[in-house]
Amino acid sequence: MPQFESSFFSSLIFWEVISFGILFFVLYKFAFPGILGILEEREKKIKDSLDQAERHRADAERALKEYEAKLSAAAKEAEGLLAAAKERAQRLLDENEQRLTAEAERIKGDATREIDHERRKAVQEIRNQTTELALLVAEKVVQRSLTDADHRKFADEALEALSKAHS
Amino acid sequence: MEESPLHAFELHNYIPLSIGGMDISINKAVILMWIVVALAAVLMIMAGSARRLVPGKLQNLAEMLVDFIRGIILDTMGKDGMRFFPLIASLFIFILFCNLLGLIPGSYTVTSQIVVTAVFACLVYGLSLVMGFILHGAKFLGILVPPGTPGWLLPLMIPIELISQLARPISLAVRLFANMTAGHVILGVLFGLAISGGVLIGWLPFAFTIAMNGLEVGIAFIQAYIFTVLTCVYLGDAFHLHGHDDHAH
């Protein structure tokens, strides 16, 4: 086998030692620190990122819980407000109705009273005029024969009859 | 003209050189080593200097590679093993690039040279021995005695363990060399068949050559991986003697 030709051994060993020595030195000095460093850095970065993600998740969860609590509180408050508003509206409605009813009642009462008053006035007027008229007529009929006492007597009788007829 | 399938492994000196009587001539394998070093260094430095949090393709690939090796080290040696990371990663990258570049037709597979794999194996095993003796002193010899061995078995166990220890660098070197060599021999034989078969029948071995080349890419990765894992295991053994520091005697 050509590999056992010992004449090449010395140069192969020499150059192998030199080559490997150079490669070892170069990699040791310039390549490995960078690569190992970045590997460690990345490991750290990934770990940090995972931790951070975990923290963010916890934050988000807490925020969600807070939000939900606020939401339900707001819903409760809205419900309360709505009920209060309804109640108020009902009360206003009722008050208005009562007030209007009372007003109508009052107007009606006023009107009735006015009508009554006018009626009475009219009756009184009619009665006065009738009395005068009757006196006039009676005077004409019994001009001479009647005394003042007679006049009064007749007038009273007539008035009596009139009021009886009226009431 | 029939070519030997081993022809591809032959080396020729392009530029004869020598230092103090030692021949260090430049041949194809040496040039391939330079290309491997240049390519690996440029790619890894580019990937390492990008330093983007969201990586690009090259950075992603380099990070996968680095993370892969880090995973192997952490699995076999634990956190202490990370101090060997630069060495083990460089070894993996060097071997992987040698294996892969060797698959390009016309290039040369550096790792199919037994001396090359032997040097790496001796480096790794020697380092594990040195580390073991530094960390544990003479107690490191206890690696020859599996925990729980009764005293009367020691004369038997110590030679067996000694052989198993010595087999480590040899198997490490031979495994990589043999896998790379065998793969290229098969490719060479198949391609030789394709050439000599002509158009009528030659397409069949040619198709096999292509399929085998795909398989060899996988083997290039697997062998680099195995070499790295075993490196970690041996260094880990030296680190944690029997899994802990006290051992049965």
# chains A, B, ... in the order shown; residues from 1 in each chain; ligands from 1
>>> residues_around(residues="Met180 of chain B", least_positions_apart="4", cutoff="12 Å", atoms="only C-alpha atoms", output="ChimeraX atom specification")
/A:3 /B:8-9,95-96,98-103,108-114,116-117,173-176,184-187,213,215-224
>>> select_by_dssp(residues="segment 9-246 of chain B", states="alpha helix (DSSP H)", output="number ranges by chain")
B: 28-50, 57-76, 85-101, 114-136, 154-239
>>> atom_distance(atom1="atom CA of Ala53 of chain A", atom2="atom CA of Lys65 of chain A")
18.3 Å
>>> atom_distance(atom1="atom CA of Ala63 of chain A", atom2="atom CA of Ile46 of chain A")
25.2 Å
>>> select_by_dssp(residues="segment 5-69 of chain B", states="strand (DSSP E)", output="PDB file with C-alpha atoms, in the first residue's frame")
ATOM      1  CA  ASN B  13       7.053  15.149  -4.084  1.00  0.00           C
ATOM      2  CA  TYR B  14       6.323  18.353  -5.961  1.00  0.00           C
ATOM      3  CA  ILE B  15       8.829  20.588  -4.177  1.00  0.00           C
ATOM      4  CA  SER B  18      14.256  19.531   4.101  1.00  0.00           C
ATOM      5  CA  ILE B  19      15.046  20.996   7.501  1.00  0.00           C
ATOM      6  CA  MET B  22      14.335  15.938   7.880  1.00  0.00           C
ATOM      7  CA  ASP B  23      12.457  15.645   4.638  1.00  0.00           C
ATOM      8  CA  ILE B  26       5.617  19.405  -0.472  1.00  0.00           C
ATOM      9  CA  ASN B  27       3.320  16.755  -1.926  1.00  0.00           C
TER      10      ASN B  27
END
>>> interface_residues(of="chain B", to="chain A", cutoff="6 Å", atoms="only C-alpha atoms", output="NGL selection string")
:B and (9-10 or 23-25 or 37 or 44-45 or 48 or 51 or 86 or 90 or 113)
>>> residues_around(residues="Pro169 of chain B", least_positions_apart="5", cutoff="10 Å", atoms="only C-alpha atoms", output="JSON, numbers by chain")
{"B": [117, 118, 119, 120, 121, 122, 123, 124, 125, 126, 164, 174, 175, 230, 231, 234]}
>>> residues_around(residues="Gly81 of chain B", least_positions_apart="3", cutoff="9 Å", atoms="only C-alpha atoms", output="MDAnalysis selection string")
chainID B and resid 73:74 76:78 84:85 232 235:236 239
>>> write_last_selection(atoms="C-alpha atoms", output="mmCIF file, in the first residue's frame")
data_model
loop_
_atom_site.group_PDB
_atom_site.id
_atom_site.type_symbol
_atom_site.label_atom_id
_atom_site.label_comp_id
_atom_site.auth_asym_id
_atom_site.auth_seq_id
_atom_site.Cartn_x
_atom_site.Cartn_y
_atom_site.Cartn_z
ATOM 1 C CA ILE B 73 -18.325 17.036 25.125
ATOM 2 C CA LEU B 74 -21.069 17.746 27.654
ATOM 3 C CA THR B 76 -19.209 12.418 27.669
ATOM 4 C CA MET B 77 -17.133 14.678 29.906
ATOM 5 C CA GLY B 78 -19.562 17.052 31.521
ATOM 6 C CA PHE B 84 -10.912 20.992 25.833
ATOM 7 C CA PHE B 85 -13.521 22.387 23.491
ATOM 8 C CA CYS B 232 -13.971 12.776 24.470
ATOM 9 C CA LEU B 235 -10.167 12.317 27.911
ATOM 10 C CA GLY B 236 -13.241 11.807 30.087
ATOM 11 C CA PHE B 239 -10.796 13.111 33.981
#
>>> residues_around(residues="Gly188 of chain B", least_positions_apart="5", cutoff="9 Å", atoms="only C-alpha atoms", output="list in words")
Ser4, Pro5, Leu6, His7, Ala8, Gly183, Leu193 and Thr209 of chain B
>>> write_last_selection(atoms="C-alpha atoms", output="CSV table (one decimal), in the first residue's frame")
chain,number,residue,atom,x,y,z
B,4,SER,CA,-4.3,-0.2,-9.4
B,5,PRO,CA,-7.2,1.0,-7.1
B,6,LEU,CA,-4.4,2.0,-4.7
B,7,HIS,CA,-2.9,4.3,-7.3
B,8,ALA,CA,-5.0,7.2,-5.9
B,183,GLY,CA,-14.1,3.9,0.7
B,193,LEU,CA,-15.2,-0.9,-13.9
B,209,THR,CA,-19.9,5.1,-8.1
